[in-house]
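Engineer: Contents are mmCIF, C-alpha atoms and all ligand atoms; file name start-v1.cif:
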```
data_coords
#
loop_
_atom_site.label_atom_id
_atom_site.label_comp_id
_atom_site.auth_asym_id
_atom_site.auth_seq_id
_atom_site.Cartn_x
_atom_site.Cartn_y
_atom_site.Cartn_z
CA ILE B 1 0.00 0.00 0.00
CA GLU B 2 1.33 3.41 -0.82
CA SER B 3 1.90 5.30 2.36
CA PRO B 4 0.99 8.97 2.38
CA VAL B 5 3.98 9.51 4.69
CA LYS B 6 7.35 10.33 3.10
CA ILE B 7 10.20 8.18 4.36
CA THR B 8 13.01 10.58 5.24
CA LYS B 9 15.04 8.48 7.61
CA ALA B 10 17.31 5.49 7.15
CA TRP B 11 16.05 2.63 9.31
CA LEU B 12 18.22 -0.17 10.62
CA ILE B 13 16.93 -3.49 11.87
CA PRO B 14 18.97 -6.31 13.37
CA ALA B 15 19.41 -9.45 11.31
CA VAL B 16 17.14 -12.19 12.64
CA GLN B 17 15.83 -15.54 11.57
CA ILE B 18 12.07 -15.99 11.66
CA GLN B 19 10.50 -19.42 11.85
CA ASP B 20 6.81 -19.12 11.21
CA ALA B 21 4.02 -20.99 9.44
CA PRO B 22 0.25 -20.72 9.31
CA ARG B 23 -2.02 -22.97 11.35
CA PHE B 24 -4.55 -23.32 8.50
CA PRO B 25 -4.48 -23.36 4.69
CA HIS B 26 -7.69 -21.28 4.36
CA ARG B 27 -7.34 -17.84 5.91
CA GLY B 28 -10.16 -15.85 4.43
CA LEU B 29 -12.27 -12.77 4.32
CA SER B 30 -15.35 -12.35 2.21
CA LEU B 31 -16.77 -9.22 0.70
CA ASP B 32 -20.35 -8.87 -0.48
CA VAL B 33 -20.24 -6.61 -3.53
CA ALA B 34 -23.82 -7.51 -4.52
CA ARG B 35 -25.84 -5.67 -1.86
CA HIS B 36 -23.52 -2.72 -2.21
CA PHE B 37 -21.03 -2.40 -5.02
CA PHE B 38 -17.47 -1.23 -4.45
CA PRO B 39 -15.10 -0.27 -7.26
CA ALA B 40 -12.11 -2.46 -8.10
CA ASP B 41 -9.70 0.07 -6.56
CA SER B 42 -11.45 -0.34 -3.20
CA VAL B 43 -11.23 -4.11 -3.49
CA LYS B 44 -7.51 -3.66 -4.11
CA LYS B 45 -7.19 -1.82 -0.80
CA TYR B 46 -9.07 -4.70 0.86
CA ILE B 47 -6.55 -7.08 -0.72
CA ASP B 48 -3.59 -4.97 0.42
CA LEU B 49 -4.80 -5.08 4.00
CA MET B 50 -5.50 -8.80 3.76
CA ALA B 51 -1.93 -9.37 2.61
CA LEU B 52 -0.65 -7.31 5.54
CA TYR B 53 -2.40 -9.73 7.91
CA LYS B 54 -1.43 -12.85 5.93
CA PHE B 55 -4.88 -13.77 4.69
CA ASN B 56 -4.74 -15.89 1.55
CA ARG B 57 -8.34 -16.25 0.29
CA LEU B 58 -10.73 -13.49 -0.75
CA HIS B 59 -14.27 -14.75 -1.23
CA LEU B 60 -16.17 -12.33 -3.46
CA HIS B 61 -19.95 -12.60 -3.10
CA LEU B 62 -20.69 -11.48 -6.65
CA THR B 63 -24.39 -12.17 -7.06
CA ASP B 64 -27.53 -11.80 -5.00
CA ASP B 65 -31.16 -10.76 -5.18
CA GLN B 66 -30.17 -7.08 -5.21
CA GLY B 67 -27.55 -7.16 -7.95
CA TRP B 68 -25.31 -9.13 -10.32
CA ARG B 69 -21.75 -7.84 -10.39
CA ILE B 70 -19.78 -9.88 -12.92
CA GLU B 71 -19.79 -9.34 -16.67
CA ILE B 72 -20.93 -12.48 -18.49
CA LYS B 73 -20.46 -11.98 -22.22
CA ARG B 74 -22.98 -14.60 -23.28
CA TYR B 75 -25.80 -13.04 -21.25
CA PRO B 76 -25.71 -9.25 -21.74
CA LYS B 77 -28.95 -8.71 -19.83
CA LEU B 78 -27.06 -9.61 -16.65
CA GLN B 79 -25.18 -6.34 -17.19
CA GLU B 80 -28.09 -4.33 -18.57
CA ILE B 81 -30.78 -5.44 -16.12
CA SER B 82 -29.52 -7.63 -13.27
CA ALA B 83 -26.73 -5.22 -12.27
CA TRP B 84 -29.17 -2.42 -11.44
CA ARG B 85 -31.96 -1.91 -8.93
CA ASP B 86 -34.49 0.90 -9.12
CA GLU B 87 -33.96 2.03 -5.54
CA THR B 88 -32.77 0.85 -2.13
CA LEU B 89 -34.37 0.43 1.26
CA ILE B 90 -33.66 3.24 3.74
CA GLY B 91 -32.98 2.17 7.33
CA HIS B 92 -33.48 -1.28 8.83
CA LEU B 93 -35.66 -3.90 7.16
CA ASP B 94 -37.63 -4.24 10.40
CA ASN B 95 -38.69 -0.58 10.38
CA MET B 96 -42.28 -0.27 9.22
CA PRO B 97 -43.49 1.23 7.01
CA ARG B 98 -40.55 0.63 4.70
CA LYS B 99 -39.06 3.60 2.89
CA TYR B 100 -36.98 3.62 -0.29
CA ASP B 101 -34.52 6.19 -1.61
CA GLY B 102 -35.79 6.44 -5.19
CA ILE B 103 -32.21 6.29 -6.55
CA ARG B 104 -31.17 3.78 -9.21
CA TYR B 105 -28.17 1.83 -7.90
CA GLY B 106 -25.77 -0.71 -9.30
CA GLY B 107 -22.70 -1.58 -11.31
CA TYR B 108 -20.58 -4.56 -12.21
CA TYR B 109 -16.96 -5.55 -12.81
CA THR B 110 -15.88 -6.18 -16.37
CA GLN B 111 -14.06 -9.43 -17.02
CA ASP B 112 -10.88 -7.43 -17.66
CA GLU B 113 -11.20 -5.72 -14.28
CA LEU B 114 -11.71 -9.06 -12.55
CA LYS B 115 -8.72 -10.61 -14.33
CA GLU B 116 -6.63 -7.69 -13.16
CA LEU B 117 -7.92 -8.15 -9.60
CA VAL B 118 -7.00 -11.83 -9.77
CA GLN B 119 -3.44 -10.87 -10.80
CA TYR B 120 -3.25 -8.16 -8.16
CA ALA B 121 -4.35 -10.60 -5.46
CA ALA B 122 -2.04 -13.37 -6.71
CA ALA B 123 0.94 -11.01 -6.51
CA ARG B 124 0.05 -10.72 -2.80
CA HIS B 125 -0.40 -14.48 -2.33
CA ILE B 126 -4.18 -14.25 -2.25
CA THR B 127 -6.56 -16.39 -4.29
CA ILE B 128 -9.95 -14.95 -5.14
CA ILE B 129 -12.87 -17.35 -4.73
CA PRO B 130 -15.88 -16.16 -6.75
CA GLU B 131 -19.37 -16.93 -5.46
CA ILE B 132 -22.29 -17.31 -7.84
CA ASP B 133 -25.25 -17.95 -5.53
CA MET B 134 -27.80 -20.60 -6.53
CA PRO B 135 -30.54 -21.85 -6.50
CA GLY B 136 -31.69 -19.12 -4.08
CA HIS B 137 -30.67 -15.45 -3.95
CA ALA B 138 -31.33 -15.26 -7.69
CA THR B 139 -33.94 -12.51 -8.05
CA ALA B 140 -31.57 -10.21 -9.96
CA VAL B 141 -31.04 -12.89 -12.60
CA LEU B 142 -34.75 -13.65 -12.85
CA ALA B 143 -35.45 -9.97 -13.48
CA ALA B 144 -33.44 -10.33 -16.70
CA TYR B 145 -34.21 -13.96 -17.55
CA PRO B 146 -37.66 -14.75 -16.05
CA GLU B 147 -37.76 -18.01 -18.04
CA LEU B 148 -35.31 -19.46 -15.49
CA ALA B 149 -37.96 -19.27 -12.73
CA CYS B 150 -40.70 -21.82 -12.18
CA SER B 151 -43.42 -19.23 -12.79
CA GLY B 152 -43.09 -16.65 -15.51
CA GLY B 153 -42.52 -13.43 -13.60
CA PRO B 154 -42.09 -10.55 -14.25
CA PHE B 155 -39.50 -9.96 -11.55
CA LYS B 156 -37.57 -6.93 -10.40
CA VAL B 157 -34.10 -6.69 -8.96
CA ALA B 158 -34.74 -6.60 -5.22
CA ARG B 159 -34.60 -3.22 -3.48
CA GLU B 160 -34.60 -4.54 0.07
CA TRP B 161 -32.85 -7.36 1.97
CA GLY B 162 -34.10 -10.79 2.92
CA VAL B 163 -34.76 -14.25 1.57
CA PHE B 164 -36.89 -14.27 -1.57
CA LYS B 165 -39.23 -16.98 -2.76
CA ASP B 166 -38.52 -16.72 -6.47
CA VAL B 167 -35.49 -18.88 -7.12
CA PHE B 168 -33.93 -20.77 -10.03
CA CYS B 169 -36.19 -23.54 -11.33
CA PRO B 170 -34.25 -26.83 -11.61
CA LYS B 171 -34.98 -27.31 -15.31
CA GLU B 172 -32.62 -27.98 -18.20
CA GLU B 173 -32.71 -24.39 -19.40
CA THR B 174 -31.47 -23.25 -15.98
CA PHE B 175 -28.63 -25.76 -15.91
CA THR B 176 -27.56 -24.71 -19.41
CA PHE B 177 -27.56 -21.06 -18.31
CA LEU B 178 -25.63 -21.73 -15.12
CA GLU B 179 -23.09 -23.95 -16.84
CA ASN B 180 -22.47 -21.25 -19.44
CA VAL B 181 -22.12 -18.65 -16.70
CA LEU B 182 -19.77 -20.84 -14.66
CA SER B 183 -17.67 -21.57 -17.75
CA GLU B 184 -16.97 -17.85 -18.11
CA VAL B 185 -16.42 -17.51 -14.35
CA MET B 186 -13.83 -20.31 -14.45
CA GLN B 187 -12.01 -18.56 -17.31
CA ILE B 188 -11.57 -15.50 -15.12
CA PHE B 189 -10.74 -17.12 -11.79
CA PRO B 190 -7.99 -19.74 -12.11
CA GLY B 191 -8.22 -20.95 -8.48
CA LYS B 192 -9.28 -24.46 -7.47
CA TYR B 193 -12.56 -23.40 -5.83
CA ILE B 194 -15.82 -22.01 -7.16
CA HIS B 195 -18.37 -21.05 -4.48
CA ILE B 196 -21.87 -21.88 -5.65
CA GLY B 197 -23.80 -20.56 -2.65
CA GLY B 198 -26.62 -22.99 -1.88
CA ASP B 199 -27.92 -21.06 1.14
CA GLU B 200 -31.42 -19.90 1.98
CA CYS B 201 -33.47 -21.37 -0.85
CA PRO B 202 -37.19 -21.41 -0.01
CA LYS B 203 -39.06 -24.25 -1.70
CA ASP B 204 -42.43 -22.49 -2.14
CA ARG B 205 -42.19 -22.17 -5.92
CA TRP B 206 -40.81 -25.67 -6.37
CA GLU B 207 -43.73 -27.12 -4.37
CA GLU B 208 -46.23 -25.46 -6.71
CA SER B 209 -44.39 -26.29 -9.93
CA GLU B 210 -45.39 -28.93 -12.50
CA ILE B 211 -41.87 -28.80 -13.93
CA CYS B 212 -40.39 -29.65 -10.53
CA LYS B 213 -42.84 -32.51 -10.17
CA GLU B 214 -41.58 -33.95 -13.44
CA VAL B 215 -37.92 -33.49 -12.49
CA LYS B 216 -38.57 -35.25 -9.17
CA ILE B 217 -40.30 -38.21 -10.86
CA ALA B 218 -37.66 -38.51 -13.57
CA ASN B 219 -34.86 -38.55 -10.98
CA ASN B 220 -36.63 -40.55 -8.28
CA LEU B 221 -36.53 -37.68 -5.76
CA GLN B 222 -38.88 -37.80 -2.79
CA SER B 223 -38.92 -34.16 -1.74
CA ASP B 224 -38.04 -30.61 -2.68
CA GLU B 225 -35.11 -30.86 -0.26
CA GLN B 226 -33.80 -33.78 -2.31
CA LEU B 227 -34.39 -31.67 -5.40
CA GLN B 228 -32.03 -29.07 -3.95
CA THR B 229 -29.41 -31.80 -3.40
CA TYR B 230 -29.91 -32.91 -7.01
CA PHE B 231 -29.41 -29.29 -8.14
CA ILE B 232 -26.17 -28.86 -6.19
CA GLN B 233 -24.88 -32.30 -7.22
CA ARG B 234 -25.39 -31.48 -10.89
CA ILE B 235 -23.58 -28.18 -10.60
CA ALA B 236 -20.79 -29.83 -8.58
CA LYS B 237 -20.35 -32.49 -11.27
CA PHE B 238 -20.10 -29.80 -13.93
CA VAL B 239 -17.54 -27.81 -11.93
CA ASN B 240 -15.58 -31.02 -11.22
CA SER B 241 -15.58 -31.84 -14.94
CA LYS B 242 -13.57 -28.62 -15.43
CA GLY B 243 -11.02 -29.74 -12.86
CA LYS B 244 -12.35 -27.54 -10.04
CA GLN B 245 -14.19 -28.04 -6.78
CA ILE B 246 -17.21 -26.39 -5.29
CA ILE B 247 -17.60 -24.66 -1.98
CA GLY B 248 -21.18 -24.34 -0.72
CA TRP B 249 -22.87 -22.93 2.39
CA ASP B 250 -23.76 -25.66 4.90
CA GLU B 251 -27.31 -26.03 3.54
CA ILE B 252 -25.82 -28.07 0.66
CA LEU B 253 -25.63 -31.16 2.88
CA ASP B 254 -29.07 -30.73 4.49
CA SER B 255 -30.65 -33.63 2.65
CA GLY B 256 -27.98 -35.60 0.87
CA ASP B 257 -24.36 -35.90 -0.13
CA VAL B 258 -22.40 -33.79 -2.57
CA PRO B 259 -19.18 -35.74 -3.16
CA GLY B 260 -16.07 -33.58 -3.28
CA ALA B 261 -17.75 -30.44 -1.96
CA THR B 262 -16.16 -28.17 0.63
CA VAL B 263 -18.66 -26.93 3.18
CA MET B 264 -18.72 -23.37 4.51
CA SER B 265 -20.40 -23.61 7.90
CA TRP B 266 -22.30 -20.39 8.68
CA ARG B 267 -25.48 -21.29 10.62
CA GLY B 268 -23.30 -22.12 13.58
CA GLU B 269 -20.65 -24.82 13.81
CA GLU B 270 -22.99 -27.82 13.64
CA GLY B 271 -23.10 -28.06 9.83
CA GLY B 272 -19.32 -27.98 9.69
CA ILE B 273 -18.96 -30.55 12.46
CA ALA B 274 -21.37 -32.96 10.79
CA ALA B 275 -19.61 -32.47 7.45
CA ALA B 276 -16.11 -33.02 8.90
CA LYS B 277 -17.36 -36.22 10.58
CA LYS B 278 -18.45 -37.44 7.15
CA GLY B 279 -15.06 -36.61 5.68
CA TYR B 280 -15.86 -33.32 3.92
CA ASP B 281 -13.43 -30.44 3.96
CA VAL B 282 -14.87 -27.53 5.94
CA ILE B 283 -14.32 -23.81 6.24
CA MET B 284 -15.64 -22.50 9.54
CA THR B 285 -17.53 -19.20 9.39
CA PRO B 286 -20.15 -19.55 12.15
CA ASN B 287 -22.15 -16.33 12.26
CA ARG B 288 -21.73 -15.85 16.04
CA PHE B 289 -17.95 -15.60 15.70
CA CYS B 290 -17.25 -14.70 12.09
CA TYR B 291 -19.91 -12.26 10.83
CA PHE B 292 -18.31 -8.86 10.66
CA ASP B 293 -21.60 -7.26 9.63
CA TYR B 294 -22.75 -7.61 13.26
CA TYR B 295 -22.39 -4.84 15.86
CA GLN B 296 -18.95 -4.75 17.48
CA TRP B 297 -19.79 -2.45 20.37
CA ARG B 298 -22.50 -2.85 22.99
CA LYS B 299 -23.72 0.76 22.71
CA ARG B 300 -25.65 0.33 19.49
CA ASP B 301 -26.93 3.87 19.33
CA GLU B 302 -23.31 5.06 18.99
CA GLU B 303 -22.69 2.77 16.04
CA PRO B 304 -23.61 2.87 12.37
CA LEU B 305 -26.76 0.85 11.59
CA THR B 306 -26.05 -2.86 11.09
CA ILE B 307 -28.10 -5.95 10.35
CA GLY B 308 -28.05 -6.81 14.10
CA GLY B 309 -26.13 -9.36 16.17
CA TYR B 310 -23.19 -8.68 18.45
CA LEU B 311 -19.62 -9.71 17.79
CA PRO B 312 -17.05 -7.78 19.82
CA LEU B 313 -13.33 -8.02 19.10
CA SER B 314 -12.67 -10.24 22.13
CA MET B 315 -15.22 -12.77 20.93
CA VAL B 316 -13.61 -12.98 17.49
CA TYR B 317 -10.26 -13.59 19.15
CA MET B 318 -11.54 -16.36 21.42
CA TYR B 319 -12.89 -18.38 18.50
CA ASN B 320 -11.12 -21.65 17.74
CA PRO B 321 -11.99 -22.95 14.24
CA VAL B 322 -11.46 -26.57 15.33
CA PRO B 323 -14.44 -27.70 17.43
CA ASN B 324 -13.29 -29.76 20.39
CA ASN B 325 -15.66 -32.65 19.68
CA LEU B 326 -13.80 -33.68 16.52
CA THR B 327 -11.19 -36.42 16.51
CA LYS B 328 -7.68 -35.70 15.22
CA GLU B 329 -8.48 -37.29 11.86
CA GLN B 330 -11.73 -35.33 11.55
CA SER B 331 -9.99 -32.07 12.52
CA VAL B 332 -7.72 -32.33 9.51
CA HIS B 333 -10.80 -31.49 7.40
CA ILE B 334 -11.09 -28.06 9.01
CA LEU B 335 -9.30 -26.03 6.34
CA GLY B 336 -9.57 -22.81 8.27
CA SER B 337 -11.86 -19.91 8.95
CA GLN B 338 -13.08 -16.73 7.39
CA GLY B 339 -14.62 -13.41 8.37
CA ASN B 340 -17.76 -12.70 6.38
CA LEU B 341 -18.74 -9.20 5.40
CA PHE B 342 -22.25 -8.98 4.00
CA THR B 343 -23.10 -5.43 3.04
CA GLU B 344 -26.86 -4.91 3.26
CA TYR B 345 -26.25 -2.05 5.69
CA ILE B 346 -22.75 -1.13 4.55
CA THR B 347 -23.21 1.57 1.96
CA GLU B 348 -19.79 3.20 1.86
CA TRP B 349 -16.21 2.02 1.67
CA LYS B 350 -15.17 3.64 4.93
CA GLN B 351 -17.80 1.51 6.67
CA VAL B 352 -16.42 -1.66 5.09
CA GLU B 353 -13.10 -0.84 6.75
CA TYR B 354 -14.83 0.04 10.02
CA MET B 355 -16.64 -3.29 10.21
CA ALA B 356 -13.68 -5.39 9.05
CA TYR B 357 -10.93 -3.82 11.18
CA PRO B 358 -9.72 -4.55 13.75
CA ARG B 359 -11.87 -7.69 13.90
CA ALA B 360 -10.00 -9.09 10.89
CA CYS B 361 -6.74 -8.65 12.86
CA ALA B 362 -8.15 -10.91 15.58
CA LEU B 363 -9.30 -13.48 13.05
CA SER B 364 -5.92 -13.41 11.33
CA GLU B 365 -4.36 -14.77 14.53
CA ASN B 366 -7.08 -17.44 14.83
CA VAL B 367 -6.03 -18.85 11.48
CA TRP B 368 -2.28 -18.28 11.75
CA THR B 369 -1.11 -18.63 15.34
CA PRO B 370 -0.86 -21.97 17.16
CA LEU B 371 -3.53 -22.13 19.86
CA GLU B 372 -1.03 -22.37 22.70
CA LEU B 373 0.65 -19.11 21.68
CA LYS B 374 -2.54 -17.04 21.66
CA SER B 375 -3.25 -14.45 24.33
CA TYR B 376 -5.89 -11.74 24.09
CA ASP B 377 -3.97 -9.35 26.34
CA ASP B 378 -0.86 -9.76 24.25
CA PHE B 379 -2.93 -9.31 21.08
CA LEU B 380 -4.42 -6.07 22.42
CA SER B 381 -1.03 -4.63 23.24
CA ARG B 382 0.27 -5.49 19.77
CA LEU B 383 -2.92 -4.12 18.22
CA ARG B 384 -2.00 -0.70 19.60
CA THR B 385 1.09 -0.80 17.39
CA GLN B 386 -1.09 -1.87 14.51
CA SER B 387 -3.32 1.14 15.07
CA ALA B 388 -0.40 3.45 14.20
CA ARG B 389 0.14 1.41 11.06
CA LEU B 390 -3.55 1.49 10.13
CA ASP B 391 -3.57 5.26 10.70
CA LEU B 392 -0.66 5.67 8.28
CA LEU B 393 -2.50 3.58 5.74
CA ARG B 394 -5.62 5.74 6.18
CA VAL B 395 -7.78 2.79 7.24
CA ASN B 396 -11.06 3.70 8.92
CA TYR B 397 -10.80 1.00 11.61
CA ALA B 398 -13.02 0.93 14.71
CA LYS B 399 -11.14 2.37 17.67
CA HIS B 400 -13.04 1.01 20.69
CA PHE B 401 -10.11 -1.22 21.66
CA LEU B 402 -7.91 1.80 22.33
CA GLY B 403 -9.97 2.43 25.45
CA GLN B 404 -9.73 -1.18 26.65
C1 LIG Y 501 -25.47 -16.45 4.54
O1 LIG Y 501 -25.16 -15.66 5.45
N1 LIG Y 501 -26.68 -16.46 4.02
C2 LIG Y 501 -24.51 -17.39 4.04
#
```
Could you write out this structure as structure tokens?
Structural biologist:
Amino acid sequence: IESPVKITKAWLIPAVQIQDAPRFPHRGLSLDVARHFFPADSVKKYIDLMALYKFNRLHLHLTDDQGWRIEIKRYPKLQEISAWRDETLIGHLDNMPRKYDGIRYGGYYTQDELKELVQYAAARHITIIPEIDMPGHATAVLAAYPELACSGGPFKVAREWGVFKDVFCPKEETFTFLENVLSEVMQIFPGKYIHIGGDECPKDRWEESEICKEVKIANNLQSDEQLQTYFIQRIAKFVNSKGKQIIGWDEILDSGDVPGATVMSWRGEEGGIAAAKKGYDVIMTPNRFCYFDYYQWRKRDEEPLTIGGYLPLSMVYMYNPVPNNLTKEQSVHILGSQGNLFTEYITEWKQVEYMAYPRACALSENVWTPLELKSYDDFLSRLRTQSARLDLLRVNYAKHFLGQ
């Protein structure tokens, strides 16, 4: 990162040998660029800071109900329609009556921009993992391609947050679309993993659908839950056929197996524990310990509006990604942990930094430092040194810890 401070002094440091190695292979942060869109230069700053704290995986949440953020050349309406919403909710979703700002909002990264980001991240030892969410969180796509839903639409790119009932219909046309999309995605992102979402998919439309009934009969599926497993298995097979592996949110194993999948446990640790016991690789991101969109300070009225929840710095630091009820063999499947930053209520870049730092500093030790060497008091004292560094780098980190 370019420092705004001119170096005018010659510095001398003693020669030392450092022996150091990370505890986990997956040391991640995510960034939701779908709910709010941040330009590539901002993402580069995110990457710079990640590199400073030895993170090695950036999970970009590129698609959601409220916007599609990746150029797909074969489907131009994803850029023309899905990337834009008419307006955005003002205030918290729970505030009634709901109010909207009346301002068209959106944007997307071109493939060239994303390829440059991939290079930029790679030069800093960070792999970008793209997430294309399916079969739920697909309203923005359906606004452009309503034929991919079970009922005909019309649909609009969502202007508020939540879980929406209109989802991809598991028909051939949808699989063709998604395979074409994923083929372009895999051309841009050379890493081993493609995140295919899989979370929060209501089955209301599938229950009502004649097409789904036929797909269930043809594939001997007993329920809509099994239909979701069938959906994820098909996508996983396609991704595997290109030499890559899927990551999915823990819902992907709710009602069946998805061989070769890596599970991202977010609804707590239970999904990850069950998966590791079955031999799946797991990335631990339980919301209670890893969701950086939650409040970080108990005095909520002094804080910017968030989605809710409470995750103070100390609680991030105390999190151990390896649950103590796993055996040694099962624990090997815990690839690491990740801080998740969903951005429903994060409208500006300075707030991204505020929510991520210094909690990301705490997480970085969870995934790097051997358990027996961790100490919160020691961390806090070292964090004070980091605060000078973050000031120099013009990072808008949350400063509550300075009073602790
Ligand atoms: C999620 O927070 N829906 C993965």
Engineer: Closest to Gly260 (chain B) among B:Ile132, B:Leu89, B:Ala236, B:Val395, using all atoms listed in the file?
Structural biologist: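 Going through B:Ile132, B:Leu89, B:Ala236, B:Val395 one by one, the smallest distance to Gly260 (chain B) is for B:Ala236.
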Engineer: Please write as a list in words the list of polymer residues whose atoms come within 10 Å of (-9.1, -12.8, -4.9), counting only C-alpha atoms and keeping to the coordinates of the file.
Structural biologist: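 Result, sorted by chain then residue number: Gly28, Leu29, Ser30, Val43, Lys44, Tyr46, Ile47, Asn56, Arg57, Leu58, His59, Leu60, Leu114, Lys115, Leu117, Val118, Gln119, Tyr120, Ala121, Ala122, Arg124, His125, Ile126, Thr127, Ile128, Ile129, Pro130, Phe189 and Gly191 of chain B.
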Engineer: Put the listed atoms of region 151-170 of chain B in a box along x, y and z with 3 Å added on every side and give me the centre and edge lengths in Å to one decimal, as lines of an AutoDock Vina configuration file.
Structural biologist:
```
center_x = -38.1
center_y = -15.0
center_z = -6.3
size_x = 16.6
size_y = 29.6
size_z = 24.4
```
Engineer: Please compute the CA of Pro358 (chain B)-CA of Tyr397 (chain B) distance, one decimal, in Å.
Structural biologist: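 Between CA of Pro358 (chain B) and CA of Tyr397 (chain B) the gap is 6.0 Å.
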Engineer: I'd like the contact shell of Lys399 (chain B) - 10 Å cut-off, only C-alpha atoms, skipping same-chain residues fewer than 6 positions apart - returned as a PDB file with C-alpha atoms, in the coordinates of the input.
Structural biologist:
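Wrote selection.pdb, looks like this:
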```pdb
ATOM      1  CA  TYR B 354     -14.830   0.040  10.020  1.00  0.00           C
ATOM      2  CA  TYR B 357     -10.930  -3.820  11.180  1.00  0.00           C
ATOM      3  CA  PRO B 358      -9.720  -4.550  13.750  1.00  0.00           C
ATOM      4  CA  ARG B 384      -2.000  -0.700  19.600  1.00  0.00           C
ATOM      5  CA  SER B 387      -3.320   1.140  15.070  1.00  0.00           C
TER       6      SER B 387
END
```
Engineer: B:Pro312, B:Gly136, B:Gly403, B:Pro154: which is nearest ligand LIG 501 (chain Y), counting only C-alpha atoms and all ligand atoms?
Structural biologist: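 With only C-alpha atoms and all ligand atoms as the atom set, the closest residue is B:Gly136.
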Engineer: Point out the residue among B:His36, B:His195, B:Lys156, B:Arg69 with the least atom-to-atom distance to ligand LIG 501 (chain Y), counting all atoms listed in the file.
Structural biologist: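 Smallest distance to ligand LIG 501 (chain Y) is found for B:His195.
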Engineer: When you look at Glu269 (chain B) with a cut-off of 8 Å (counting all atoms listed in the file), what residues show up, excluding the ones that are within fewer than 2 positions of it in the same chain? I need them as number ranges by chain.
Structural biologist: B: 265-267, 271-273, 284-286, 323
